[in-house]
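*Asks:* Sharing query11.pdb here; it has PDB, C-alpha atoms.
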```pdb
ATOM      1  CA  MET B   1      72.757  67.811  16.150
ATOM      2  CA  SER B   2      69.380  68.133  17.789
ATOM      3  CA  PRO B   3      66.484  65.845  16.919
ATOM      4  CA  MET B   4      64.421  66.753  13.883
ATOM      5  CA  THR B   5      61.878  69.496  14.556
ATOM      6  CA  LEU B   6      58.529  68.976  12.864
ATOM      7  CA  PRO B   7      55.602  71.382  12.572
ATOM      8  CA  LYS B   8      52.698  71.081  14.999
ATOM      9  CA  VAL B   9      49.686  69.549  13.321
ATOM     10  CA  ALA B  10      46.155  69.531  14.717
ATOM     11  CA  LYS B  11      44.948  66.060  15.676
ATOM     12  CA  HIS B  12      41.516  64.754  14.824
ATOM     13  CA  GLU B  13      41.623  61.405  16.595
ATOM     14  CA  THR B  14      37.966  61.397  17.651
ATOM     15  CA  ARG B  15      34.674  62.494  16.168
ATOM     16  CA  LYS B  16      31.375  63.102  17.961
ATOM     17  CA  ILE B  17      28.136  61.674  16.660
ATOM     18  CA  SER B  18      24.628  61.390  18.045
ATOM     19  CA  ILE B  19      23.484  57.853  18.794
ATOM     20  CA  ARG B  20      20.580  56.138  20.502
ATOM     21  CA  ARG B  21      21.123  53.583  23.246
ATOM     22  CA  THR B  22      18.536  50.841  23.593
ATOM     23  CA  PRO B  23      17.279  49.944  27.079
ATOM     24  CA  ALA B  24      18.472  46.918  29.013
ATOM     25  CA  GLN B  25      14.898  45.698  29.500
ATOM     26  CA  PRO B  26      13.495  44.295  26.227
ATOM     27  CA  HIS B  27       9.968  45.681  26.773
ATOM     28  CA  SER B  28      11.059  49.159  27.842
ATOM     29  CA  HIS B  29      10.435  52.000  25.411
ATOM     30  CA  HIS B  30      12.744  54.519  27.089
ATOM     31  CA  HIS B  31      15.498  55.060  24.525
ATOM     32  CA  HIS B  32      18.232  57.518  25.328
ATOM     33  CA  SER B  33      19.989  59.758  22.814
ATOM     34  CA  PHE B  34      23.426  61.130  23.546
ATOM     35  CA  GLU B  35      26.751  62.016  21.932
ATOM     36  CA  ASP B  36      29.367  59.331  21.495
ATOM     37  CA  HIS B  37      33.050  59.563  20.528
ATOM     38  CA  LEU B  38      34.303  57.515  17.578
ATOM     39  CA  ALA B  39      37.914  56.792  16.706
ATOM     40  CA  VAL B  40      38.655  58.455  13.373
ATOM     41  CA  GLU B  41      39.803  56.247  10.503
ATOM     42  CA  GLU B  42      41.137  57.899   7.355
ATOM     43  CA  PRO B  43      43.624  56.915   4.640
ATOM     44  CA  LEU B  44      47.199  58.142   4.706
ATOM     45  CA  GLU B  45      49.247  58.020   1.528
ATOM     46  CA  ILE B  46      53.023  58.034   1.927
ATOM     47  CA  ARG B  47      55.017  59.373  -1.002
ATOM     48  CA  ILE B  48      58.750  59.432  -1.673
ATOM     49  CA  HIS B  49      59.773  62.322  -3.910
ATOM     50  CA  ASP B  50      56.108  62.651  -4.948
ATOM     51  CA  GLU B  51      55.788  58.955  -5.880
ATOM     52  CA  SER B  52      53.251  56.927  -3.912
ATOM     53  CA  VAL B  53      54.705  53.948  -2.016
ATOM     54  CA  SER B  54      52.065  53.098   0.584
ATOM     55  CA  ILE B  55      48.473  53.695   1.585
ATOM     56  CA  THR B  56      47.356  52.805   5.077
ATOM     57  CA  MET B  57      44.139  53.341   6.986
ATOM     58  CA  ARG B  58      45.117  55.171  10.155
ATOM     59  CA  THR B  59      43.919  57.483  12.918
ATOM     60  CA  PRO B  60      45.131  61.037  12.095
ATOM     61  CA  GLY B  61      47.842  62.361  14.381
ATOM     62  CA  ASP B  62      51.596  61.673  14.475
ATOM     63  CA  ASP B  63      51.513  61.202  10.699
ATOM     64  CA  PHE B  64      55.159  62.203  10.270
ATOM     65  CA  ALA B  65      56.256  59.710  12.910
ATOM     66  CA  LEU B  66      54.098  57.079  11.208
ATOM     67  CA  ALA B  67      55.716  57.758   7.831
ATOM     68  CA  ALA B  68      59.229  57.782   9.293
ATOM     69  CA  GLY B  69      58.602  54.619  11.300
ATOM     70  CA  PHE B  70      57.206  52.838   8.249
ATOM     71  CA  LEU B  71      60.163  53.780   6.043
ATOM     72  CA  TYR B  72      62.613  52.858   8.804
ATOM     73  CA  SER B  73      61.046  49.425   9.263
ATOM     74  CA  GLU B  74      61.243  48.947   5.490
ATOM     75  CA  GLY B  75      64.986  49.630   5.606
ATOM     76  CA  LEU B  76      64.798  52.817   3.526
ATOM     77  CA  LEU B  77      65.970  55.054   6.378
ATOM     78  CA  HIS B  78      68.666  54.433   8.966
ATOM     79  CA  ASN B  79      68.797  57.765  10.792
ATOM     80  CA  SER B  80      66.851  61.008  10.679
ATOM     81  CA  LYS B  81      69.716  62.900   9.007
ATOM     82  CA  GLU B  82      68.837  61.034   5.821
ATOM     83  CA  ILE B  83      65.539  62.957   5.656
ATOM     84  CA  GLY B  84      65.591  66.129   3.569
ATOM     85  CA  THR B  85      61.971  67.212   3.995
ATOM     86  CA  LEU B  86      58.923  65.586   5.560
ATOM     87  CA  ARG B  87      55.672  67.460   4.999
ATOM     88  CA  TYR B  88      52.053  67.263   3.981
ATOM     89  CA  CYS B  89      51.142  67.914   0.371
ATOM     90  CA  GLU B  90      49.759  71.432   0.574
ATOM     91  CA  ASN B  91      46.907  72.535  -1.636
ATOM     92  CA  THR B  92      44.222  74.788  -0.234
ATOM     93  CA  GLN B  93      41.833  73.712  -2.988
ATOM     94  CA  LYS B  94      42.214  70.032  -2.069
ATOM     95  CA  PRO B  95      41.978  69.548   1.708
ATOM     96  CA  GLU B  96      42.187  65.776   1.253
ATOM     97  CA  LEU B  97      45.906  66.239   0.562
ATOM     98  CA  LYS B  98      46.323  66.628   4.327
ATOM     99  CA  ASN B  99      46.094  62.835   4.128
ATOM    100  CA  VAL B 100      49.206  62.705   1.940
ATOM    101  CA  VAL B 101      52.715  62.873   3.423
ATOM    102  CA  ASN B 102      55.647  63.409   1.080
ATOM    103  CA  ILE B 103      59.254  62.726   2.041
ATOM    104  CA  THR B 104      62.391  63.723   0.189
ATOM    105  CA  PHE B 105      65.790  62.316   1.039
ATOM    106  CA  ALA B 106      68.808  64.386   1.976
ATOM    107  CA  ALA B 107      71.524  64.876  -0.615
ATOM    108  CA  GLY B 108      73.723  61.810  -0.877
ATOM    109  CA  HIS B 109      71.156  59.361   0.474
ATOM    110  CA  LYS B 110      70.037  57.024  -2.306
ATOM    111  CA  PRO B 111      68.206  54.021  -0.871
ATOM    112  CA  ASP B 112      67.309  51.016  -2.933
ATOM    113  CA  LEU B 113      63.738  51.815  -3.930
ATOM    114  CA  ALA B 114      63.491  48.562  -5.879
ATOM    115  CA  ARG B 115      62.342  46.863  -2.671
ATOM    116  CA  LEU B 116      59.165  48.902  -2.988
ATOM    117  CA  LYS B 117      58.655  48.031  -6.650
ATOM    118  CA  ARG B 118      55.401  46.269  -5.814
ATOM    119  CA  ASN B 119      52.325  48.396  -5.186
ATOM    120  CA  PHE B 120      52.465  48.362  -1.402
ATOM    121  CA  TYR B 121      48.968  48.578   0.064
ATOM    122  CA  ALA B 122      48.632  48.376   3.840
ATOM    123  CA  THR B 123      45.326  48.194   5.678
ATOM    124  CA  SER B 124      44.934  49.103   9.327
ATOM    125  CA  SER B 125      44.917  45.421  10.285
ATOM    126  CA  CYS B 126      47.494  43.874   7.944
ATOM    127  CA  GLY B 127      50.511  45.882   6.914
ATOM    128  CA  VAL B 128      52.493  43.214   5.083
ATOM    129  CA  CYS B 129      49.728  42.210   2.659
ATOM    130  CA  GLY B 130      51.110  42.483  -0.839
ATOM    131  CA  LYS B 131      54.806  42.219   0.006
ATOM    132  CA  ALA B 132      56.749  40.453  -2.732
ATOM    133  CA  ALA B 133      58.148  37.892  -0.272
ATOM    134  CA  ILE B 134      58.281  37.492   3.499
ATOM    135  CA  GLU B 135      61.851  36.231   3.119
ATOM    136  CA  ASN B 136      62.878  39.769   2.117
ATOM    137  CA  ILE B 137      61.806  40.918   5.573
ATOM    138  CA  ARG B 138      63.555  38.108   7.414
ATOM    139  CA  THR B 139      66.931  39.102   5.993
ATOM    140  CA  GLU B 140      66.731  42.832   6.814
ATOM    141  CA  ALA B 141      67.854  42.660  10.453
ATOM    142  CA  LYS B 142      70.215  40.367  12.312
ATOM    143  CA  PRO B 143      69.331  38.410  15.490
ATOM    144  CA  LEU B 144      69.702  40.265  18.801
ATOM    145  CA  ASN B 145      72.354  39.639  21.452
ATOM    146  CA  GLY B 146      71.112  41.346  24.649
ATOM    147  CA  LYS B 147      72.127  39.380  27.783
ATOM    148  CA  PHE B 148      70.238  41.423  30.406
ATOM    149  CA  ARG B 149      67.329  40.151  32.508
ATOM    150  CA  VAL B 150      64.103  41.927  33.445
ATOM    151  CA  LYS B 151      62.300  41.356  36.745
ATOM    152  CA  LEU B 152      58.845  39.799  36.797
ATOM    153  CA  ASP B 153      57.213  42.770  38.511
ATOM    154  CA  VAL B 154      58.228  44.999  35.569
ATOM    155  CA  PHE B 155      56.116  42.902  33.208
ATOM    156  CA  TYR B 156      53.173  42.907  35.604
ATOM    157  CA  ARG B 157      53.134  46.749  35.626
ATOM    158  CA  LEU B 158      53.220  47.301  31.871
ATOM    159  CA  GLY B 159      49.537  46.795  31.154
ATOM    160  CA  ALA B 160      48.316  49.280  33.751
ATOM    161  CA  ALA B 161      50.880  51.873  32.650
ATOM    162  CA  MET B 162      49.830  51.570  29.031
ATOM    163  CA  ARG B 163      46.098  51.658  29.725
ATOM    164  CA  SER B 164      46.407  54.785  31.866
ATOM    165  CA  ALA B 165      48.075  56.570  28.937
ATOM    166  CA  GLN B 166      45.496  55.522  26.326
ATOM    167  CA  THR B 167      43.484  58.732  26.446
ATOM    168  CA  VAL B 168      41.748  58.278  23.089
ATOM    169  CA  PHE B 169      40.867  54.654  23.804
ATOM    170  CA  GLU B 170      39.333  55.837  27.062
ATOM    171  CA  LYS B 171      36.923  57.998  25.053
ATOM    172  CA  THR B 172      36.197  55.629  22.175
ATOM    173  CA  GLY B 173      37.070  52.059  23.135
ATOM    174  CA  GLY B 174      38.170  51.706  19.514
ATOM    175  CA  LEU B 175      41.941  52.153  19.260
ATOM    176  CA  HIS B 176      45.016  49.970  19.568
ATOM    177  CA  ALA B 177      48.180  51.156  21.292
ATOM    178  CA  ALA B 178      51.926  50.555  21.253
ATOM    179  CA  GLY B 179      54.107  51.540  24.190
ATOM    180  CA  ILE B 180      57.886  51.668  24.500
ATOM    181  CA  PHE B 181      59.253  51.084  28.007
ATOM    182  CA  ASP B 182      62.696  51.071  29.574
ATOM    183  CA  LEU B 183      63.980  48.022  31.441
ATOM    184  CA  HIS B 184      62.515  49.341  34.716
ATOM    185  CA  GLY B 185      59.009  49.589  33.288
ATOM    186  CA  ALA B 186      58.910  53.363  32.755
ATOM    187  CA  LEU B 187      56.732  54.311  29.785
ATOM    188  CA  LEU B 188      58.764  56.434  27.364
ATOM    189  CA  GLU B 189      56.469  56.664  24.329
ATOM    190  CA  LEU B 190      52.881  55.631  23.660
ATOM    191  CA  ARG B 191      50.948  56.023  20.435
ATOM    192  CA  GLU B 192      47.375  55.043  19.582
ATOM    193  CA  ASP B 193      45.917  54.135  16.213
ATOM    194  CA  ILE B 194      43.134  52.177  14.588
ATOM    195  CA  GLY B 195      45.763  49.545  13.727
ATOM    196  CA  ARG B 196      48.460  47.921  15.864
ATOM    197  CA  HIS B 197      51.144  48.158  13.211
ATOM    198  CA  ASN B 198      50.443  51.880  12.696
ATOM    199  CA  ALA B 199      50.655  52.504  16.444
ATOM    200  CA  THR B 200      53.976  50.649  16.451
ATOM    201  CA  ASP B 201      55.286  52.682  13.510
ATOM    202  CA  LYS B 202      54.240  55.891  15.273
ATOM    203  CA  ALA B 203      55.995  54.963  18.523
ATOM    204  CA  ILE B 204      59.178  53.733  16.848
ATOM    205  CA  GLY B 205      59.056  56.578  14.323
ATOM    206  CA  ARG B 206      58.943  59.140  17.120
ATOM    207  CA  MET B 207      61.999  57.571  18.762
ATOM    208  CA  PHE B 208      63.689  57.470  15.344
ATOM    209  CA  LEU B 209      63.063  61.174  14.695
ATOM    210  CA  ASP B 210      64.315  61.965  18.217
ATOM    211  CA  ARG B 211      67.482  59.937  17.470
ATOM    212  CA  LYS B 212      66.930  57.472  20.297
ATOM    213  CA  LEU B 213      67.454  54.281  18.294
ATOM    214  CA  PRO B 214      68.439  51.503  18.603
ATOM    215  CA  LEU B 215      66.037  50.442  21.342
ATOM    216  CA  ASP B 216      68.259  47.574  22.428
ATOM    217  CA  ARG B 217      67.472  48.008  26.134
ATOM    218  CA  HIS B 218      63.748  48.546  25.845
ATOM    219  CA  LEU B 219      60.459  46.679  25.772
ATOM    220  CA  LEU B 220      57.603  47.110  23.300
ATOM    221  CA  MET B 221      54.038  46.356  24.351
ATOM    222  CA  VAL B 222      51.103  46.200  21.944
ATOM    223  CA  SER B 223      47.399  45.881  22.554
ATOM    224  CA  GLY B 224      45.793  42.871  20.927
ATOM    225  CA  ARG B 225      47.833  40.117  19.341
ATOM    226  CA  ALA B 226      51.494  39.936  18.358
ATOM    227  CA  SER B 227      51.803  39.444  14.603
ATOM    228  CA  PHE B 228      54.788  38.720  12.400
ATOM    229  CA  GLU B 229      54.895  42.343  11.308
ATOM    230  CA  ILE B 230      55.017  43.665  14.875
ATOM    231  CA  MET B 231      58.014  41.405  15.538
ATOM    232  CA  GLN B 232      59.707  42.546  12.338
ATOM    233  CA  LYS B 233      59.289  46.223  13.212
ATOM    234  CA  ALA B 234      60.595  45.599  16.729
ATOM    235  CA  LEU B 235      63.644  43.763  15.403
ATOM    236  CA  MET B 236      64.459  46.538  12.934
ATOM    237  CA  ALA B 237      64.426  48.993  15.865
ATOM    238  CA  GLY B 238      66.567  46.647  17.977
ATOM    239  CA  VAL B 239      63.811  45.948  20.549
ATOM    240  CA  PRO B 240      64.656  42.640  22.277
ATOM    241  CA  ILE B 241      61.406  42.129  24.235
ATOM    242  CA  VAL B 242      57.882  42.314  22.813
ATOM    243  CA  CYS B 243      54.779  41.913  24.979
ATOM    244  CA  ALA B 244      51.192  41.561  23.817
ATOM    245  CA  VAL B 245      47.844  41.695  25.566
ATOM    246  CA  SER B 246      46.598  38.804  23.443
ATOM    247  CA  ALA B 247      48.091  35.800  21.652
ATOM    248  CA  PRO B 248      50.955  35.742  19.162
ATOM    249  CA  SER B 249      50.643  34.167  15.741
ATOM    250  CA  SER B 250      52.633  31.070  14.838
ATOM    251  CA  LEU B 251      54.811  33.096  12.468
ATOM    252  CA  ALA B 252      55.471  35.694  15.168
ATOM    253  CA  VAL B 253      56.735  32.975  17.518
ATOM    254  CA  GLU B 254      58.863  31.406  14.808
ATOM    255  CA  PHE B 255      60.360  34.788  13.914
ATOM    256  CA  ALA B 256      61.042  35.643  17.582
ATOM    257  CA  ARG B 257      62.914  32.376  18.121
ATOM    258  CA  GLU B 258      64.944  32.777  14.926
ATOM    259  CA  SER B 259      65.842  36.359  15.901
ATOM    260  CA  ALA B 260      66.746  35.673  19.564
ATOM    261  CA  MET B 261      63.888  37.913  20.749
ATOM    262  CA  THR B 262      61.751  37.546  23.856
ATOM    263  CA  LEU B 263      58.035  37.254  23.119
ATOM    264  CA  VAL B 264      55.382  37.466  25.850
ATOM    265  CA  GLY B 265      51.673  36.984  25.238
ATOM    266  CA  PHE B 266      48.459  37.189  27.273
ATOM    267  CA  LEU B 267      50.178  39.673  29.579
ATOM    268  CA  ARG B 268      48.151  40.344  32.719
ATOM    269  CA  ALA B 269      48.829  41.932  36.106
ATOM    270  CA  ASP B 270      49.666  38.558  37.636
ATOM    271  CA  GLN B 271      50.647  36.185  34.823
ATOM    272  CA  PHE B 272      51.752  35.834  31.204
ATOM    273  CA  ASN B 273      52.944  33.265  28.681
ATOM    274  CA  VAL B 274      56.498  33.207  27.366
ATOM    275  CA  TYR B 275      56.777  32.007  23.766
ATOM    276  CA  ALA B 276      60.446  32.809  23.113
ATOM    277  CA  GLY B 277      63.511  34.167  24.897
ATOM    278  CA  ALA B 278      62.658  33.178  28.488
ATOM    279  CA  GLU B 279      66.301  33.695  29.454
ATOM    280  CA  ARG B 280      65.712  37.485  29.592
ATOM    281  CA  ILE B 281      63.068  37.128  32.331
ATOM    282  CA  GLU B 282      64.261  36.986  35.922
ATOM    283  CA  VAL B 283      62.260  34.463  37.948
TER     284      VAL B 283
END
```
Represent the structure from my file as structure tokens, please.

*Replies:*
Amino acid sequence: MSPMTLPKVAKHETRKISIRRTPAQPHSHHHHSFEDHLAVEEPLEIRIHDESVSITMRTPGDDFALAAGFLYSEGLLHNSKEIGTLRYCENTQKPELKNVVNITFAAGHKPDLARLKRNFYATSSCGVCGKAAIENIRTEAKPLNGKFRVKLDVFYRLGAAMRSAQTVFEKTGGLHAAGIFDLHGALLELREDIGRHNATDKAIGRMFLDRKLPLDRHLLMVSGRASFEIMQKALMAGVPIVCAVSAPSSLAVEFARESAMTLVGFLRADQFNVYAGAERIEV
């Protein structure tokens, strides 16, 4: 079967506003007014069979991939054939319902919704806040077994490849990104969002809907830091190598080592730190 086809939805990732820039010289009175681009931040509510399960602050665009990636990382979906419908709540009298995505499951798919019995509230910076227990996440996916090695020059090229594809960040300077690469450093998917975990859900969700999982011979790179949740989402998708522009958290490192994942931080064009899984890096 072909990958799931979803309707085209207009993106509103940036918004123009008029601002005033102050002069560099403190005693100058020449202020300049011009238009600036802001990254849009709006809530997205994810519903299952019309019941709310999550609210996240996100940048509009790729909302269906975001919803699918979120539900996949929560263990409620395993392949796209389990999705019956995935659509916005439509009500012409209430345009705010374009910020509500509702999913129904295909006949025969009955996931354990008890894992979402808590009121799951995710902000754009912290998606696991409010989870009943982190231990529930740890047990969802098994450690990885990939024995391949990736050349150093592949890592050194990732940052430039990701930055060149961050078109909205180029305009606003206000978005995170998540990129999925093959073992040769080719960028396969990149998604931007106000939050790292949303960008990751969008990238993985797109691969999920296109039936390209597991990503067991791929690398994931995120802007900013590597958190526990980023590692958890990568593990659920089978990604063995995670790279971050900034530092990892202590829990991210602990999780990577427990899960036999490779974790790289402070990735630059000529150096990086390896916090776990150095055996996958060819030196």

*Asks:* Applying 7 Å and all atoms listed in the file, which residues near Glu282 of chain B remain after dropping the ones on its own chain fewer than 6 positions away? List them as a PyMOL selection string.

*Replies:* chain B and resi 149-152

*Asks:* Rank B:Leu144, B:Ala252, B:Ala199, B:Met57 by their smallest atom-to-atom distance to His176 of chain B, using all atoms listed in the file, and report the top residue only.

*Replies:*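 For His176 of chain B, the nearest of the candidates is B:Ala199.
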
*Asks:* Give me, as an MDAnalysis selection string, all polymer residues having an atom no more than 10 Å from Asp270 of chain B, counting only C-alpha atoms and skipping those fewer than 5 positions away in the same chain.

*Replies:* chainID B and resid 152:153 155:157

*Asks:* For Gly224 of chain B, which of B:Ile46, B:Val245, B:Ala278, B:Thr104 is the closest residue, counting all atoms listed in the file?

*Replies:*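 Ranking B:Ile46, B:Val245, B:Ala278, B:Thr104 by distance to Gly224 of chain B, first place goes to B:Val245.
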
*Asks:* Evaluating the PyMOL selection byres ((chain B and resi 261) around 7) on the displayed file yields which residues, as a list in words?

*Replies:*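 Taken on the displayed file, the PyMOL selection byres ((chain B and resi 261) around 7) yields the residues Leu144, Pro240, Ile241, Ala256, Arg257, Ser259, Ala260, Thr262, Leu263, Ala276 and Gly277 of chain B.
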
*Asks:* Hey, can you check how far atom CA of His184 of chain B sits from atom CA of Leu251 of chain B?

*Replies:*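 These two atoms are separated by 28.6 Å.
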
*Asks:* Please provide the set of residues having any atom within 12 Å of segment 163-165 of chain B, restricted to all atoms listed in the file, with same-chain residues fewer than 4 positions apart removed, written as number ranges by chain.

*Replies:* B: 157-159, 169-171, 173, 175-180, 186-192, 221-223, 245, 268-269

*Asks:* Considering only C-alpha atoms, can you say which of B:Val253, B:Ala244, B:Ile83, B:Ala237 comes closest to Phe272 of chain B?

*Replies:*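 Looking at the shortest contact to Phe272 of chain B, the residue is B:Ala244.
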
*Asks:* Mind pulling up the distance from atom CA of Gly84 of chain B to atom CA of Ile103 of chain B?

*Replies:*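 Between atom CA of Ile103 of chain B and atom CA of Gly84 of chain B the gap works out to 7.4 Å.
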
*Asks:* Quick one: residues within 6 Å of Ala247 of chain B, all atoms listed in the file, excluding same-chain residues fewer than 6 positions away - as a list in words?

*Replies:* Arg225, Gly265 and Phe266 of chain B
